[in-house]
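**Student:** Got a file for you: work-v2.cif, mmCIF, C-alpha atoms.
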data_model
#
loop_
_atom_site.label_atom_id
_atom_site.label_comp_id
_atom_site.auth_asym_id
_atom_site.auth_seq_id
_atom_site.Cartn_x
_atom_site.Cartn_y
_atom_site.Cartn_z
CA MET A 1 135.47 -175.16 70.89
CA THR A 2 136.29 -177.80 68.34
CA GLN A 3 133.72 -179.04 65.90
CA PRO A 4 132.35 -182.51 66.79
CA GLN A 5 133.31 -185.33 64.50
CA ALA A 6 130.93 -187.89 63.06
CA GLU A 7 131.50 -191.46 64.12
CA PRO A 8 132.99 -193.88 61.61
CA GLY A 9 130.24 -195.27 59.43
CA GLY A 10 127.83 -192.83 61.00
CA GLY A 11 126.29 -191.21 57.96
CA ARG A 12 127.11 -187.84 56.47
CA GLY A 13 127.57 -185.62 59.52
CA ALA A 14 130.39 -183.47 58.16
CA ALA A 15 128.48 -182.64 54.99
CA ALA A 16 125.33 -181.89 56.96
CA ARG A 17 127.14 -179.52 59.31
CA ALA A 18 128.64 -177.79 56.33
CA GLY A 19 125.10 -177.04 55.17
CA ALA A 20 125.12 -179.27 52.08
CA PRO A 21 121.96 -181.34 51.66
CA VAL A 22 122.89 -184.94 50.98
CA TRP A 23 120.64 -187.44 49.22
CA PRO A 24 120.96 -191.11 50.17
CA ARG A 25 122.26 -192.99 47.15
CA PRO A 26 120.62 -196.38 46.62
CA ALA A 27 122.85 -199.00 45.09
CA GLY A 28 121.97 -200.70 41.83
CA ARG A 29 119.01 -200.27 39.56
CA GLN A 30 115.80 -201.19 41.28
CA PRO A 31 112.19 -200.06 40.87
CA ALA A 32 111.51 -196.84 42.77
CA GLY A 33 108.95 -198.43 45.08
CA ARG A 34 111.30 -201.26 45.97
CA ARG A 35 114.17 -198.85 46.61
CA SER A 36 111.97 -196.75 48.90
CA THR A 37 110.73 -199.79 50.81
CA GLY A 38 114.24 -201.13 51.12
CA ARG A 39 115.62 -197.85 52.44
CA THR A 40 112.80 -197.57 54.97
CA ALA A 41 113.35 -201.13 56.19
CA ALA A 42 117.09 -200.54 56.45
CA ALA A 43 116.57 -197.29 58.34
CA LEU A 44 114.14 -198.94 60.74
CA GLY A 45 116.58 -201.78 61.26
CA ARG A 46 119.33 -199.34 62.22
CA ALA A 47 117.00 -197.56 64.61
CA ARG A 48 115.60 -200.73 66.20
CA THR A 49 117.89 -200.77 69.23
CA ALA A 50 117.27 -197.09 69.91
CA LEU A 51 113.50 -197.50 69.58
CA LEU A 52 113.49 -200.48 71.93
CA ALA A 53 115.58 -198.52 74.42
CA TYR A 54 113.21 -195.57 74.11
CA ALA A 55 110.20 -197.83 74.71
CA ALA A 56 111.90 -199.31 77.77
CA VAL A 57 112.67 -195.85 79.17
CA ARG A 58 109.10 -194.70 78.67
CA ALA A 59 107.68 -197.92 80.15
CA LEU A 60 109.90 -197.44 83.21
CA GLY A 61 108.87 -193.79 83.39
CA LEU A 62 105.16 -194.59 83.31
CA THR A 63 105.56 -197.40 85.83
CA LEU A 64 107.26 -195.05 88.28
CA ALA A 65 104.90 -192.16 87.55
CA LEU A 66 101.74 -194.18 88.08
CA SER A 67 102.89 -196.34 90.99
CA GLY A 68 101.46 -195.67 94.40
CA THR A 69 98.09 -194.39 93.19
CA ASP A 70 94.72 -196.04 92.71
CA ARG A 71 93.65 -193.45 90.13
CA SER A 72 92.97 -194.63 86.61
CA ALA A 73 96.09 -194.51 84.46
CA PHE A 74 93.91 -193.78 81.44
CA ASP A 75 92.28 -190.77 83.10
CA LEU A 76 95.66 -189.42 84.17
CA LEU A 77 97.12 -189.74 80.68
CA ALA A 78 94.12 -188.90 78.50
CA GLY A 79 91.40 -187.33 80.60
CA ARG A 80 92.69 -184.04 81.99
CA TRP A 81 93.88 -180.59 81.01
CA ASP A 82 94.68 -180.14 77.31
CA SER A 83 93.73 -183.75 76.57
CA GLY A 84 90.15 -182.95 77.46
CA TRP A 85 90.09 -179.95 75.14
CA TYR A 86 91.41 -181.91 72.18
CA VAL A 87 88.87 -184.68 72.74
CA LEU A 88 86.08 -182.14 73.13
CA ILE A 89 87.03 -180.46 69.85
CA ALA A 90 87.24 -183.84 68.12
CA GLU A 91 83.74 -184.71 69.33
CA GLU A 92 81.97 -181.34 69.05
CA GLY A 93 84.07 -179.10 66.82
CA TYR A 94 85.20 -175.56 67.49
CA ALA A 95 81.84 -173.99 68.23
CA GLY A 96 81.08 -173.08 71.83
CA SER A 97 82.39 -170.75 74.49
CA CYS A 98 84.43 -171.06 77.68
CA PRO A 99 83.50 -169.63 81.09
CA VAL A 100 86.58 -167.39 81.25
CA GLN A 101 87.91 -167.15 77.71
CA GLY A 102 84.58 -166.48 75.98
CA ASP A 103 83.61 -167.26 72.40
CA LEU A 104 86.08 -168.78 69.94
CA CYS A 105 88.18 -170.07 72.85
CA ARG A 106 88.69 -173.47 71.23
CA TYR A 107 90.48 -171.88 68.29
CA ALA A 108 93.56 -171.56 70.49
CA PHE A 109 94.02 -175.30 69.86
CA PHE A 110 95.35 -176.10 66.42
CA PRO A 111 93.26 -178.51 64.31
CA LEU A 112 95.43 -181.42 63.12
CA TYR A 113 95.42 -183.50 66.31
CA PRO A 114 91.65 -183.18 66.90
CA ALA A 115 91.05 -184.05 63.24
CA LEU A 116 93.17 -187.18 63.58
CA ILE A 117 91.33 -188.12 66.78
CA ARG A 118 87.97 -187.73 65.05
CA THR A 119 89.14 -189.72 62.02
CA THR A 120 90.57 -192.54 64.14
CA ALA A 121 87.42 -192.74 66.27
CA SER A 122 85.24 -192.89 63.17
CA LEU A 123 87.30 -195.65 61.54
CA THR A 124 87.72 -197.82 64.65
CA PRO A 125 85.55 -198.89 67.58
CA LEU A 126 87.64 -196.69 69.88
CA PRO A 127 86.00 -193.76 71.68
CA ALA A 128 87.67 -190.40 71.14
CA PRO A 129 89.75 -190.38 74.38
CA TRP A 130 91.24 -193.78 73.59
CA ALA A 131 91.87 -192.72 70.00
CA ALA A 132 93.68 -189.62 71.30
CA LEU A 133 95.95 -191.66 73.55
CA LEU A 134 96.65 -194.27 70.87
CA LEU A 135 97.59 -191.54 68.39
CA SER A 136 99.92 -189.90 70.89
CA LEU A 137 101.68 -193.17 71.69
CA ALA A 138 102.11 -193.99 68.00
CA ALA A 139 103.37 -190.45 67.38
CA SER A 140 105.91 -190.77 70.21
CA ALA A 141 107.39 -193.82 68.47
CA ALA A 142 107.50 -191.92 65.17
CA ALA A 143 109.09 -188.97 66.97
CA ALA A 144 111.74 -191.17 68.59
CA TRP A 145 112.55 -192.63 65.18
CA GLY A 146 112.75 -189.11 63.74
CA VAL A 147 115.10 -188.01 66.51
CA TYR A 148 117.28 -191.03 65.79
CA ALA A 149 117.27 -190.40 62.03
CA VAL A 150 118.30 -186.75 62.38
CA VAL A 151 121.08 -187.41 64.87
CA GLU A 152 122.35 -190.48 62.99
CA HIS A 153 122.62 -188.37 59.85
CA CYS A 154 124.55 -185.66 61.69
CA ALA A 155 126.69 -187.59 64.17
CA GLY A 156 126.41 -191.35 63.79
CA ARG A 157 124.49 -194.28 65.22
CA ARG A 158 125.86 -194.34 68.77
CA THR A 159 125.17 -190.65 69.32
CA ALA A 160 121.71 -191.13 67.79
CA LEU A 161 120.94 -193.96 70.20
CA VAL A 162 121.98 -191.84 73.17
CA ALA A 163 119.99 -188.83 71.95
CA THR A 164 116.85 -190.95 71.50
CA VAL A 165 117.13 -192.30 75.04
CA LEU A 166 117.82 -188.84 76.42
CA TRP A 167 114.72 -187.48 74.70
CA GLY A 168 112.65 -190.20 76.42
CA ALA A 169 114.22 -189.37 79.78
CA LEU A 170 113.75 -185.61 79.84
CA PRO A 171 112.11 -184.16 82.96
CA HIS A 172 108.79 -183.58 81.16
CA ALA A 173 108.94 -186.77 79.08
CA VAL A 174 105.73 -188.06 80.70
CA VAL A 175 103.94 -185.76 78.23
CA GLU A 176 105.27 -187.94 75.41
CA SER A 177 102.94 -190.66 76.75
CA MET A 178 99.92 -188.41 77.25
CA ALA A 179 97.13 -187.37 74.88
CA TYR A 180 98.92 -184.11 74.14
CA THR A 181 100.26 -182.74 70.84
CA GLU A 182 103.96 -182.76 71.75
CA SER A 183 104.61 -186.26 70.39
CA LEU A 184 102.84 -185.60 67.10
CA PHE A 185 104.50 -182.23 66.74
CA THR A 186 107.97 -183.59 67.50
CA ALA A 187 107.48 -186.36 64.94
CA LEU A 188 106.54 -183.85 62.24
CA ALA A 189 109.38 -181.51 63.22
CA ALA A 190 112.01 -184.25 63.34
CA TRP A 191 111.11 -185.72 59.98
CA ALA A 192 110.86 -182.26 58.43
CA LEU A 193 114.38 -181.53 59.66
CA TYR A 194 115.60 -184.86 58.32
CA ALA A 195 114.02 -184.09 54.95
CA VAL A 196 115.82 -180.73 54.83
CA LEU A 197 119.15 -182.29 55.78
CA THR A 198 118.79 -184.85 52.99
CA GLY A 199 117.59 -182.35 50.38
CA ARG A 200 113.96 -183.50 50.15
CA TRP A 201 112.48 -180.03 49.87
CA LEU A 202 108.86 -180.90 49.09
CA ALA A 203 108.65 -183.52 51.83
CA ALA A 204 110.17 -181.06 54.29
CA ALA A 205 107.71 -178.34 53.31
CA SER A 206 104.72 -180.70 53.54
CA LEU A 207 105.73 -181.81 57.02
CA ALA A 208 106.32 -178.20 58.06
CA CYS A 209 102.85 -177.35 56.77
CA LEU A 210 101.37 -180.12 58.93
CA ALA A 211 103.45 -179.00 61.93
CA GLY A 212 101.98 -175.54 61.43
CA LEU A 213 98.54 -177.09 61.85
CA THR A 214 99.55 -178.80 65.11
CA ARG A 215 101.01 -176.22 67.49
CA PRO A 216 101.72 -172.47 67.55
CA THR A 217 105.45 -173.24 67.57
CA GLY A 218 104.97 -174.78 64.14
CA ILE A 219 106.34 -171.47 62.91
CA ALA A 220 109.77 -172.65 64.16
CA VAL A 221 109.56 -175.70 61.88
CA VAL A 222 108.49 -173.44 59.02
CA ALA A 223 111.59 -171.30 59.60
CA ALA A 224 113.83 -174.37 59.84
CA VAL A 225 112.68 -175.32 56.34
CA GLY A 226 112.35 -171.81 54.95
CA VAL A 227 115.75 -170.42 55.89
CA PRO A 228 117.76 -173.20 54.18
CA ALA A 229 115.37 -173.07 51.22
CA LEU A 230 115.94 -169.33 50.93
CA LEU A 231 119.70 -169.83 51.03
CA ALA A 232 119.42 -172.53 48.38
CA LEU A 233 117.80 -170.03 46.01
CA ARG A 234 121.21 -168.45 45.49
CA ALA A 235 122.13 -171.41 43.29
CA ARG A 236 121.85 -171.26 39.51
CA PRO A 237 119.82 -172.54 37.83
CA LEU A 238 117.09 -171.71 40.33
CA PRO A 239 116.21 -174.82 42.39
CA ARG A 240 112.47 -175.01 41.79
CA ARG A 241 111.76 -177.47 44.60
CA ALA A 242 113.44 -175.21 47.15
CA ALA A 243 111.39 -172.30 45.83
CA ALA A 244 108.21 -174.37 46.12
CA ALA A 245 109.14 -175.39 49.66
CA LEU A 246 109.52 -171.74 50.61
CA VAL A 247 105.90 -171.15 49.55
CA LEU A 248 104.37 -174.40 50.86
CA ALA A 249 105.98 -174.63 54.33
CA PRO A 250 104.10 -171.73 56.04
CA LEU A 251 100.65 -172.48 54.58
CA GLY A 252 99.45 -174.59 57.52
CA TRP A 253 100.33 -172.08 60.23
CA LEU A 254 99.22 -169.06 58.21
CA GLY A 255 96.04 -170.82 57.15
CA TRP A 256 94.92 -171.51 60.71
CA VAL A 257 95.79 -168.02 61.92
CA ALA A 258 93.92 -166.54 58.95
CA TRP A 259 90.89 -168.79 59.46
CA THR A 260 90.69 -167.83 63.14
CA GLY A 261 90.87 -164.20 62.06
CA VAL A 262 87.94 -164.78 59.69
CA ARG A 263 85.90 -166.41 62.47
CA ALA A 264 86.72 -163.52 64.82
CA ALA A 265 86.11 -160.91 62.09
CA ARG A 266 89.45 -159.24 62.78
CA TRP A 267 92.93 -159.85 61.41
CA ASP A 268 94.45 -160.55 64.84
CA GLY A 269 91.67 -162.90 65.92
CA TYR A 270 93.98 -165.78 66.74
CA PHE A 271 96.22 -163.61 68.90
CA LEU A 272 93.15 -162.22 70.66
CA VAL A 273 92.01 -165.77 71.47
CA GLN A 274 95.46 -166.65 72.80
CA ARG A 275 95.52 -163.51 74.95
CA ARG A 276 92.22 -164.54 76.52
CA TRP A 277 93.97 -167.74 77.58
CA GLY A 278 96.73 -165.62 79.12
CA SER A 279 99.24 -166.43 76.39
CA TYR A 280 100.88 -163.63 74.40
CA VAL A 281 104.29 -162.38 73.35
CA ASP A 282 105.88 -159.97 75.82
CA GLY A 283 109.55 -160.29 74.94
CA GLY A 284 110.32 -162.45 77.99
CA ARG A 285 109.21 -160.08 80.74
CA TYR A 286 106.81 -162.60 82.24
CA THR A 287 109.41 -165.38 82.22
CA TRP A 288 112.12 -163.24 83.83
CA ASP A 289 109.64 -161.93 86.41
CA ARG A 290 108.61 -165.45 87.34
CA LEU A 291 112.23 -166.57 87.58
CA GLY A 292 113.03 -163.62 89.84
CA ARG A 293 110.08 -164.25 92.13
CA LEU A 294 110.75 -167.98 92.11
CA PHE A 295 114.13 -167.68 93.76
CA ALA A 296 112.95 -164.93 96.10
CA ARG A 297 110.48 -167.31 97.75
CA PRO A 298 111.53 -169.26 100.83
CA GLU A 299 110.10 -172.47 99.37
CA THR A 300 110.21 -173.09 95.63
CA PRO A 301 107.70 -175.55 94.15
CA LEU A 302 109.50 -178.52 92.62
CA SER A 303 107.79 -178.24 89.24
CA ALA A 304 108.70 -174.56 88.93
CA ALA A 305 112.32 -175.18 89.97
CA VAL A 306 112.65 -177.90 87.34
CA VAL A 307 111.23 -175.59 84.66
CA ALA A 308 113.80 -172.94 85.64
CA ALA A 309 116.58 -175.51 85.38
CA VAL A 310 115.30 -176.70 81.99
CA LEU A 311 115.21 -173.16 80.62
CA ALA A 312 118.72 -172.41 81.85
CA GLY A 313 120.04 -175.71 80.51
CA ALA A 314 118.37 -175.15 77.13
CA ALA A 315 119.97 -171.72 76.81
CA VAL A 316 123.43 -173.10 77.58
CA LEU A 317 122.99 -176.02 75.20
CA LEU A 318 121.86 -173.72 72.40
CA VAL A 319 125.07 -171.71 72.76
CA VAL A 320 127.11 -174.92 72.69
CA CYS A 321 125.25 -176.12 69.59
CA VAL A 322 126.06 -172.86 67.83
CA LEU A 323 129.73 -173.02 68.85
CA GLN A 324 129.96 -176.61 67.68
CA ARG A 325 128.37 -175.62 64.36
CA TRP A 326 125.58 -178.17 64.18
CA PRO A 327 123.48 -177.95 60.99
CA LEU A 328 121.64 -174.69 60.37
CA PRO A 329 118.09 -176.18 60.24
CA LEU A 330 118.57 -177.66 63.73
CA LEU A 331 119.88 -174.38 65.11
CA VAL A 332 117.01 -172.39 63.59
CA HIS A 333 114.36 -174.76 64.92
CA SER A 334 115.80 -175.10 68.42
CA GLY A 335 116.67 -171.41 68.71
CA LEU A 336 113.23 -170.21 67.66
CA THR A 337 111.49 -172.77 69.87
CA LEU A 338 113.48 -171.54 72.87
CA LEU A 339 112.88 -167.90 71.92
CA ILE A 340 109.12 -168.43 71.63
CA THR A 341 109.05 -170.33 74.93
CA VAL A 342 110.97 -167.69 76.85
CA GLY A 343 109.36 -164.74 75.06
CA GLY A 344 105.78 -165.81 75.71
CA ALA A 345 103.74 -164.77 78.74
CA GLY A 346 101.74 -167.25 80.76
CA TYR A 347 101.99 -170.96 81.58
CA PHE A 348 105.38 -170.89 83.25
CA HIS A 349 104.81 -174.43 84.55
CA SER A 350 104.44 -175.69 80.95
CA LYS A 351 107.57 -174.15 79.48
CA GLY A 352 109.57 -177.32 80.01
CA ARG A 353 106.97 -179.21 77.98
CA PHE A 354 107.09 -176.59 75.24
CA LEU A 355 110.79 -177.38 74.75
CA LEU A 356 110.33 -181.12 74.19
CA PRO A 357 110.30 -180.70 70.37
CA ALA A 358 113.69 -178.91 70.51
CA PHE A 359 115.45 -182.27 70.71
CA ALA A 360 118.48 -180.97 68.79
CA LEU A 361 119.56 -179.19 71.97
CA LEU A 362 120.50 -182.65 73.26
CA LEU A 363 123.16 -183.11 70.58
CA PRO A 364 126.16 -181.84 72.64
CA LEU A 365 125.20 -184.07 75.58
CA ALA A 366 124.53 -187.07 73.36
CA ALA A 367 127.80 -186.65 71.49
CA ALA A 368 129.77 -186.41 74.74
CA LEU A 369 128.06 -189.44 76.30
CA ALA A 370 128.49 -191.46 73.11
CA ARG A 371 132.27 -191.13 73.56
CA ALA A 372 132.13 -192.25 77.19
CA ARG A 373 132.73 -195.78 78.47
CA PRO A 374 129.62 -198.00 78.77
CA GLY A 375 129.75 -197.82 82.56
CA VAL A 376 129.66 -194.03 82.52
CA LEU A 377 126.91 -194.02 79.90
CA HIS A 378 124.71 -196.33 81.96
CA ALA A 379 125.47 -194.39 85.15
CA VAL A 380 123.98 -191.30 83.48
CA LEU A 381 121.08 -192.68 81.44
CA VAL A 382 119.58 -195.07 84.00
CA PRO A 383 119.30 -192.50 86.82
CA ALA A 384 118.00 -189.95 84.30
CA ALA A 385 115.21 -192.35 83.31
CA VAL A 386 114.34 -193.01 86.95
CA VAL A 387 114.29 -189.34 87.90
CA SER A 388 112.20 -188.54 84.83
CA GLY A 389 109.65 -191.16 85.83
CA LEU A 390 109.45 -189.95 89.43
CA PHE A 391 109.10 -186.33 88.31
CA GLY A 392 106.43 -187.42 85.85
CA GLY A 393 104.50 -188.85 88.79
CA HIS A 394 104.88 -185.54 90.59
CA LEU A 395 103.46 -183.70 87.57
CA LEU A 396 100.51 -186.08 87.26
CA LEU A 397 99.64 -186.53 90.92
CA VAL A 398 101.06 -183.67 93.00
CA ALA A 399 101.66 -180.50 91.00
CA GLY A 400 97.98 -179.81 90.37
CA HIS A 401 98.40 -178.15 86.98
CA SER A 402 98.96 -179.13 83.38
CA PRO A 403 102.58 -180.24 82.85
#
Before we go any further, please render this structure as structure tokens.

**Tutor:**
Amino acid sequence: MTQPQAEPGGGRGAAARAGAPVWPRPAGRQPAGRRSTGRTAAALGRARTALLAYAAVRALGLTLALSGTDRSAFDLLAGRWDSGWYVLIAEEGYAGSCPVQGDLCRYAFFPLYPALIRTTASLTPLPAPWAALLLSLAASAAAAWGVYAVVEHCAGRRTALVATVLWGALPHAVVESMAYTESLFTALAAWALYAVLTGRWLAAASLACLAGLTRPTGIAVVAAVGVPALLALRARPLPRRAAAALVLAPLGWLGWVAWTGVRAARWDGYFLVQRRWGSYVDGGRYTWDRLGRLFARPETPLSAAVVAAVLAGAAVLLVVCVLQRWPLPLLVHSGLTLLITVGGAGYFHSKGRFLLPAFALLLPLAAALARARPGVLHAVLVPAAVVSGLFGGHLLLVAGHSP
């Protein structure tokens, strides 16, 4: 398969795919603060159309998902399932037990999002549930901008616009508008990947450290920063920032796992807590078993069938990404995220949500659609947004479990 070509004027895709970090080069001699502000404003200006399109897709999705019910939209988006746990931790901390999971059960939830909820609630008149939803919505905008920035750097503005819209129209995209951690985590992952691609090692490592404090799959972001940093150490003289990034990136994830181990008084305390929730690594046996039983049933639940389709599609897209030689950090992050999702036991119905941060898997689709005529592009994206919204309503109102 031929390697995709960057669009004219579309950034530095060829250099990025070749694995060479590229720094943006500001023109002229300006104060550092002014240069930074100017670059940010210019980047936001380029992303404006994509962000507006993303907001429109999500608004349509929420309108379709919440239509036909008299239930509170706020309760549906911020008052159930994992949202309730994050708010509870923000309000009460990690002490306390669960009826089934026992003591230390709250330590299965990583601390950055609850800490941000608590901070926002203390600095504003918002109660914790509203603060949680506000943070998630703000993070979804930051994530969409991060998706755009990464794809623009690799493949140009038109492909970046399409990828941003596609990310907002995924089957489980309703979670991007809920008080869950996926939006925050995707924002941290996307900007960490962008920092790696542009050679900003310390920024990449700092964002990876924060991602490691947000979700268990933060280890995939750590690897996406660590592997290129490790490869960069072959250069002479030794690149000190890459070496520092290699040390800094895993501290968030390792720190939380170690702290949970201290609280549990055993080195594998975090993994014990996760096992009590029914989540553990089994090499994919649970996932394959569920897939086998799923298609052996006479009637397959819609949510489970969609998860099966998402997993199959993600696997195919990962192979295509490798064949098309997209940048190594994107392949490492997406590949590990998919591996962790498939290789973990439990929560089959949530595996589609777990893959939301692996936005780089959309690159082959986005690149192909970006080359299509406007009529074809609209004929794909508009129905995708509608179906995503309707399926989001199914997840919120019919499925009966956390998306």

**Student:** Give me the residues within 10 Å of stretch 242-257 of chain A as a ChimeraX atom specification, counting all atoms listed in the file and dropping any in the same chain fewer than 3 places off.

**Tutor:** /A:107-112,192,196,199-233,238-239,260-262,267-271

**Student:** What is the distance between atom CA of A:Thr186 and atom CA of A:Leu338, in Å to one decimal?

**Tutor:**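 Between atom CA of A:Thr186 and atom CA of A:Leu338 the gap works out to 14.3 Å.
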
**Student:** For stretch 369-379 of chain A, find every residue with an atom within 7 Å (counting all atoms listed in the file), except residues of its own chain fewer than 4 positions away, and show them as a ChimeraX atom specification.

**Tutor:** /A:158-159,162,365,383

**Student:** Keeping only C-alpha atoms, write the selected residues as a JSON list (two decimals), in the coordinates of the input.

**Tutor:**
[["chain", "number", "residue", "atom", "x", "y", "z"],
["A", 158, "ARG", "CA", 125.86, -194.34, 68.77],
["A", 159, "THR", "CA", 125.17, -190.65, 69.32],
["A", 162, "VAL", "CA", 121.98, -191.84, 73.17],
["A", 365, "LEU", "CA", 125.20, -184.07, 75.58],
["A", 383, "PRO", "CA", 119.30, -192.50, 86.82]]

**Student:** Counting only C-alpha atoms, what is within 10 Å of A:Tyr194, bar same-chain residues fewer than 5 positions away, as a list in words?

**Tutor:**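 In the requested form, the answer reads Pro21, Gly146, Val147, Tyr148, Ala149, Val150, Val151, Glu152, His153, Cys154, Leu188, Ala189, Gly199, Arg200, Ala203, Ala204, Pro329 and Leu330 of chain A.
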
**Student:** Would you be able to write out as number ranges by chain which residues have an atom within 10 Å of (99.1, -191.5, 68.2) in the file's coordinates, counting all atoms listed in the file?

**Tutor:** A: 113, 116-117, 120, 130-142, 177-181, 183-184

**Student:** Mind giving me the straight-line distance from atom CA of A:Cys321 to atom CA of A:Val174 in Å, one decimal?

**Tutor:**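 Between these atoms lies a distance of 25.4 Å.
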
**Student:** So how many Å separate atom CA of A:Gly93 and atom CA of A:Pro127, to one decimal?

**Tutor:**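 Atom-to-atom, atom CA of A:Gly93 to atom CA of A:Pro127, that is 15.6 Å.
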